[in-house]
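Novice: One structure, as C-alpha cells, below. Some questions next.
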Amino acid sequence: MSYTLTAGDALFRPFIAGSVGSFELEGLTERGGASSLTMREQDYSTATVTGGVDTTLSLTKGFRVNGALAARAQLGDREPQALMALAAAPQQAFAVSGAQLDEVALAARLEAQFSLDDALQVSFGYTGLIGDTQTDHGARATIMVQF
C-alpha cells in the first residue's frame, strides 16, 4: 500500500507491504543400512512487513534518479532447521540449518537513468539488504533501445 506525494519534479511514495509464506518438508527414510537418514515431517511459516519511502527525482532533462529506503521486519520461523537422524541412532537427531533471516534489516535501492535519445536509455543501479547476520548487495547496468 502506498500513496504518492508530489513536490515539483519529485515524487515521494511512503509505502508499507507485507507477505506471508509457509513450506512443509515431507518426512523421509532412506534405505541402505546404518548410515541411512530419517527425517520427520516438519513445517515452517514466516511473514515479512516492509515499510519505507520510494522516491523519483527528475534532476535535468534526460536525467532521473530513483531510490528507496525501507526497514524489513521478519516474523515467525526465521531460522529453519531440518531435524535428521541416522537409522542406527534415531534418538540422536541432529539439525541441518538454513540461512537465518534477520529480525530487522535495512533495504535500499538507488538507480540513475540517462535518456540519451528518445529511443535510447542507459541506467545504473544498486540494491542492498543489510542486517545483523545477512547482507546482500547487487549492481545492475541496463541499456534500453526502443525501435
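Residues in the C-alpha cells are named by chain (A, B, ... in the order shown) and by number from 1 within that chain; ligands are numbered from 1 in the order shown.
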Where does DSSP see strand (DSSP E) in region 29-132 of chain A, if you list the residues as a PyMOL selection string?
Specialist: chain A and resi 29+37-39+42-60+63-76+81-86+94-97+104-117+120-130
Novice: For Lys61 (chain A), list every protein, DNA or RNA residue within 12 Å, evaluated using only C-alpha atoms, and leave out those in the same chain fewer than 6 positions away; present the list as a PyMOL selection string.
Specialist: chain A and resi 9+113-118
Novice: Store the residues picked out above, limited to N, CA and C atoms, as a PDB file, in the first residue's frame.
Specialist:
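result_6.pdb was written with the following content:
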```pdb
ATOM      1  N   ASP A   9       9.255  18.491  -9.345  1.00  0.00           N
ATOM      2  CA  ASP A   9       9.557  17.359 -10.226  1.00  0.00           C
ATOM      3  C   ASP A   9       9.861  16.078  -9.450  1.00  0.00           C
ATOM      4  N   GLN A 113      19.051   7.054 -14.188  1.00  0.00           N
ATOM      5  CA  GLN A 113      18.614   6.800 -15.568  1.00  0.00           C
ATOM      6  C   GLN A 113      18.975   7.995 -16.438  1.00  0.00           C
ATOM      7  N   PHE A 114      19.626   7.697 -17.553  1.00  0.00           N
ATOM      8  CA  PHE A 114      20.010   8.722 -18.515  1.00  0.00           C
ATOM      9  C   PHE A 114      19.253   8.460 -19.812  1.00  0.00           C
ATOM     10  N   SER A 115      18.495   9.444 -20.279  1.00  0.00           N
ATOM     11  CA  SER A 115      17.833   9.345 -21.583  1.00  0.00           C
ATOM     12  C   SER A 115      18.726  10.064 -22.580  1.00  0.00           C
ATOM     13  N   LEU A 116      19.464   9.291 -23.372  1.00  0.00           N
ATOM     14  CA  LEU A 116      20.392   9.880 -24.329  1.00  0.00           C
ATOM     15  C   LEU A 116      19.683  10.318 -25.594  1.00  0.00           C
ATOM     16  N   ASP A 117      18.541   9.710 -25.845  1.00  0.00           N
ATOM     17  CA  ASP A 117      17.756   9.973 -27.048  1.00  0.00           C
ATOM     18  C   ASP A 117      16.343   9.495 -26.740  1.00  0.00           C
ATOM     19  N   ASP A 118      15.381   9.798 -27.602  1.00  0.00           N
ATOM     20  CA  ASP A 118      14.021   9.301 -27.382  1.00  0.00           C
ATOM     21  C   ASP A 118      13.968   7.771 -27.413  1.00  0.00           C
TER      22      ASP A 118
END
```
Novice: Using only C-alpha atoms, find each residue in region 45-123 of chain A having at least one atom no more than 12 Å away from region 133-141 of chain A; report its shortest atom-to-atom pair and that distance in Å (one decimal), rows by chain then rising number, as JSON lines.
Specialist:
```
{"residue": "A:Arg78", "atom": "CA", "partner": "A:Thr133", "partner_atom": "CA", "distance": 11.5}
{"residue": "A:Glu79", "atom": "CA", "partner": "A:Thr133", "partner_atom": "CA", "distance": 11.3}
{"residue": "A:Ala99", "atom": "CA", "partner": "A:Gln134", "partner_atom": "CA", "distance": 8.5}
{"residue": "A:Gln100", "atom": "CA", "partner": "A:Thr133", "partner_atom": "CA", "distance": 7.4}
{"residue": "A:Leu101", "atom": "CA", "partner": "A:Gln134", "partner_atom": "CA", "distance": 7.1}
{"residue": "A:Asp102", "atom": "CA", "partner": "A:Thr133", "partner_atom": "CA", "distance": 6.3}
{"residue": "A:Glu103", "atom": "CA", "partner": "A:Thr133", "partner_atom": "CA", "distance": 9.5}
{"residue": "A:Val104", "atom": "CA", "partner": "A:Thr133", "partner_atom": "CA", "distance": 10.2}
{"residue": "A:Ala105", "atom": "CA", "partner": "A:Gln134", "partner_atom": "CA", "distance": 8.5}
{"residue": "A:Leu106", "atom": "CA", "partner": "A:Thr135", "partner_atom": "CA", "distance": 9.4}
{"residue": "A:Ala107", "atom": "CA", "partner": "A:Asp136", "partner_atom": "CA", "distance": 9.4}
{"residue": "A:Ala108", "atom": "CA", "partner": "A:His137", "partner_atom": "CA", "distance": 9.4}
{"residue": "A:Arg109", "atom": "CA", "partner": "A:Gly138", "partner_atom": "CA", "distance": 9.4}
{"residue": "A:Leu110", "atom": "CA", "partner": "A:Ala139", "partner_atom": "CA", "distance": 9.6}
{"residue": "A:Glu111", "atom": "CA", "partner": "A:Arg140", "partner_atom": "CA", "distance": 8.7}
{"residue": "A:Ala112", "atom": "CA", "partner": "A:Ala141", "partner_atom": "CA", "distance": 9.6}
{"residue": "A:Gln113", "atom": "CA", "partner": "A:Ala141", "partner_atom": "CA", "distance": 9.9}
{"residue": "A:Phe114", "atom": "CA", "partner": "A:Ala141", "partner_atom": "CA", "distance": 11.4}
{"residue": "A:Gln121", "atom": "CA", "partner": "A:Ala141", "partner_atom": "CA", "distance": 10.8}
{"residue": "A:Val122", "atom": "CA", "partner": "A:Ala141", "partner_atom": "CA", "distance": 7.5}
{"residue": "A:Ser123", "atom": "CA", "partner": "A:Ala141", "partner_atom": "CA", "distance": 5.7}
```
Novice: Please provide as JSON, numbers by chain all residues within 10 Å of Ala95 (chain A), with the sequence filter that same-chain residues fewer than 5 positions apart are discarded (counting only C-alpha atoms).
Specialist: {"A": [80, 81, 82, 83, 84, 85]}
Novice: Pick out the residues sitting within 8 Å of region 55-57 of chain A, and hand them over as a list in words; count only C-alpha atoms, and ignore anything fewer than 4 positions along from it in its own chain.
Specialist: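 Surrounding residues, per the criterion: Asp9, Ala10, Leu11, Phe12, Arg13, Arg64, Val65, Asn66, Gly67 and Ala68 of chain A.
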Novice: Keeping N, CA and C atoms for every residue in the selection just given, could you write it to a file as an mmCIF file, in the first residue's frame?
Specialist:
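Just written: selection28.cif:
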```
data_model
loop_
_atom_site.group_PDB
_atom_site.id
_atom_site.type_symbol
_atom_site.label_atom_id
_atom_site.label_comp_id
_atom_site.auth_asym_id
_atom_site.auth_seq_id
_atom_site.Cartn_x
_atom_site.Cartn_y
_atom_site.Cartn_z
ATOM 1 N N ASP A 9 9.255 18.491 -9.345
ATOM 2 C CA ASP A 9 9.557 17.359 -10.226
ATOM 3 C C ASP A 9 9.861 16.078 -9.450
ATOM 4 N N ALA A 10 9.652 16.105 -8.147
ATOM 5 C CA ALA A 10 9.962 14.945 -7.312
ATOM 6 C C ALA A 10 8.676 14.228 -6.894
ATOM 7 N N LEU A 11 8.769 12.905 -6.839
ATOM 8 C CA LEU A 11 7.675 12.073 -6.348
ATOM 9 C C LEU A 11 8.168 11.309 -5.125
ATOM 10 N N PHE A 12 7.369 11.298 -4.069
ATOM 11 C CA PHE A 12 7.677 10.550 -2.857
ATOM 12 C C PHE A 12 6.520 9.609 -2.585
ATOM 13 N N ARG A 13 6.827 8.340 -2.382
ATOM 14 C CA ARG A 13 5.791 7.347 -2.114
ATOM 15 C C ARG A 13 6.091 6.610 -0.812
ATOM 16 N N ARG A 64 17.319 11.174 -14.451
ATOM 17 C CA ARG A 64 16.392 10.916 -13.354
ATOM 18 C C ARG A 64 17.047 9.963 -12.364
ATOM 19 N N VAL A 65 16.763 10.164 -11.078
ATOM 20 C CA VAL A 65 17.277 9.301 -10.019
ATOM 21 C C VAL A 65 16.078 8.711 -9.279
ATOM 22 N N ASN A 66 16.086 7.391 -9.119
ATOM 23 C CA ASN A 66 15.055 6.675 -8.363
ATOM 24 C C ASN A 66 15.732 6.017 -7.172
ATOM 25 N N GLY A 67 15.019 5.949 -6.063
ATOM 26 C CA GLY A 67 15.592 5.288 -4.906
ATOM 27 C C GLY A 67 14.535 4.887 -3.909
ATOM 28 N N ALA A 68 14.913 4.019 -3.016
ATOM 29 C CA ALA A 68 14.018 3.592 -1.946
ATOM 30 C C ALA A 68 14.859 3.262 -0.720
#
```
Novice: Given the choices A:Thr48, A:Gln146, A:Thr4, A:Gln92, which gets closest to Ser22 (chain A) if the distance is worked out from only C-alpha atoms?
Specialist: A:Thr48
Novice: Which residues are close to Phe15 (chain A), i.e. within 8 Å by only C-alpha atoms, leaving aside same-chain residues fewer than 5 positions away? Reply as a count of residues only.
Specialist: 7
Novice: Quick check, in Å to one decimal: how far apart do CA of Met39 (chain A) and CA of Leu86 (chain A) lie?
Specialist: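 Interatomic distance here is 9.0 Å.
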Novice: Show me, as a PyMOL selection string, the residues that have an atom within 8 Å of Val49 (chain A) when counting only C-alpha atoms, minus same-chain residues fewer than 2 positions from it.
Specialist: chain A and resi 16-19+47+51+72-74
Novice: Residues of the last selection are to be written out with all heavy atoms, as a JSON list (two decimals), in the first residue's frame.
Specialist:
```json
[["chain", "number", "residue", "atom", "x", "y", "z"],
["A", 16, "ILE", "N", 3.95, 0.64, 2.67],
["A", 16, "ILE", "CA", 4.04, -0.50, 3.59],
["A", 16, "ILE", "C", 3.57, -1.72, 2.81],
["A", 16, "ILE", "O", 2.62, -1.64, 2.02],
["A", 16, "ILE", "CB", 3.22, -0.28, 4.88],
["A", 16, "ILE", "CG1", 3.52, -1.40, 5.88],
["A", 16, "ILE", "CG2", 1.75, -0.13, 4.58],
["A", 16, "ILE", "CD1", 3.06, -1.09, 7.28],
["A", 17, "ALA", "N", 4.28, -2.81, 2.97],
["A", 17, "ALA", "CA", 3.95, -4.04, 2.25],
["A", 17, "ALA", "C", 4.13, -5.23, 3.19],
["A", 17, "ALA", "O", 4.90, -5.17, 4.14],
["A", 17, "ALA", "CB", 4.87, -4.20, 1.04],
["A", 18, "GLY", "N", 3.42, -6.28, 2.91],
["A", 18, "GLY", "CA", 3.53, -7.48, 3.73],
["A", 18, "GLY", "C", 3.38, -8.74, 2.90],
["A", 18, "GLY", "O", 2.82, -8.71, 1.80],
["A", 19, "SER", "N", 3.91, -9.82, 3.43],
["A", 19, "SER", "CA", 3.76, -11.11, 2.78],
["A", 19, "SER", "C", 3.80, -12.21, 3.83],
["A", 19, "SER", "O", 4.37, -12.03, 4.90],
["A", 19, "SER", "CB", 4.86, -11.34, 1.73],
["A", 19, "SER", "OG", 6.12, -11.39, 2.37],
["A", 47, "ALA", "N", 6.46, -14.40, 8.03],
["A", 47, "ALA", "CA", 5.79, -13.23, 7.47],
["A", 47, "ALA", "C", 6.81, -12.10, 7.40],
["A", 47, "ALA", "O", 7.74, -12.03, 8.20],
["A", 47, "ALA", "CB", 4.61, -12.82, 8.35],
["A", 51, "GLY", "N", 8.37, -1.38, 5.38],
["A", 51, "GLY", "CA", 7.86, -0.01, 5.33],
["A", 51, "GLY", "C", 8.98, 0.95, 5.01],
["A", 51, "GLY", "O", 10.10, 0.79, 5.51],
["A", 72, "ARG", "N", 12.78, -3.74, 6.90],
["A", 72, "ARG", "CA", 12.06, -5.00, 6.71],
["A", 72, "ARG", "C", 12.09, -5.79, 8.00],
["A", 72, "ARG", "O", 13.16, -6.06, 8.55],
["A", 72, "ARG", "CB", 12.70, -5.82, 5.60],
["A", 72, "ARG", "CG", 11.90, -7.08, 5.28],
["A", 72, "ARG", "CD", 12.64, -7.99, 4.38],
["A", 72, "ARG", "NE", 13.64, -8.69, 5.20],
["A", 72, "ARG", "CZ", 14.48, -9.59, 4.73],
["A", 72, "ARG", "NH1", 14.50, -9.86, 3.45],
["A", 72, "ARG", "NH2", 15.32, -10.20, 5.52],
["A", 73, "ALA", "N", 10.91, -6.14, 8.49],
["A", 73, "ALA", "CA", 10.81, -6.95, 9.71],
["A", 73, "ALA", "C", 10.36, -8.36, 9.32],
["A", 73, "ALA", "O", 9.43, -8.53, 8.54],
["A", 73, "ALA", "CB", 9.80, -6.33, 10.67],
["A", 74, "GLN", "N", 11.05, -9.34, 9.87],
["A", 74, "GLN", "CA", 10.75, -10.74, 9.59],
["A", 74, "GLN", "C", 10.12, -11.35, 10.84],
["A", 74, "GLN", "O", 10.67, -11.24, 11.92],
["A", 74, "GLN", "CB", 12.04, -11.49, 9.24],
["A", 74, "GLN", "CG", 11.86, -12.80, 8.60],
["A", 74, "GLN", "CD", 11.39, -12.67, 7.16],
["A", 74, "GLN", "OE1", 11.81, -11.78, 6.44],
["A", 74, "GLN", "NE2", 10.52, -13.56, 6.76]]
```
Novice: Show me, as a ChimeraX atom specification, the residues that have an atom within 10 Å of Ser45 (chain A) when counting only C-alpha atoms, minus same-chain residues fewer than 3 positions from it.
Specialist: /A:20-24,75-78,80
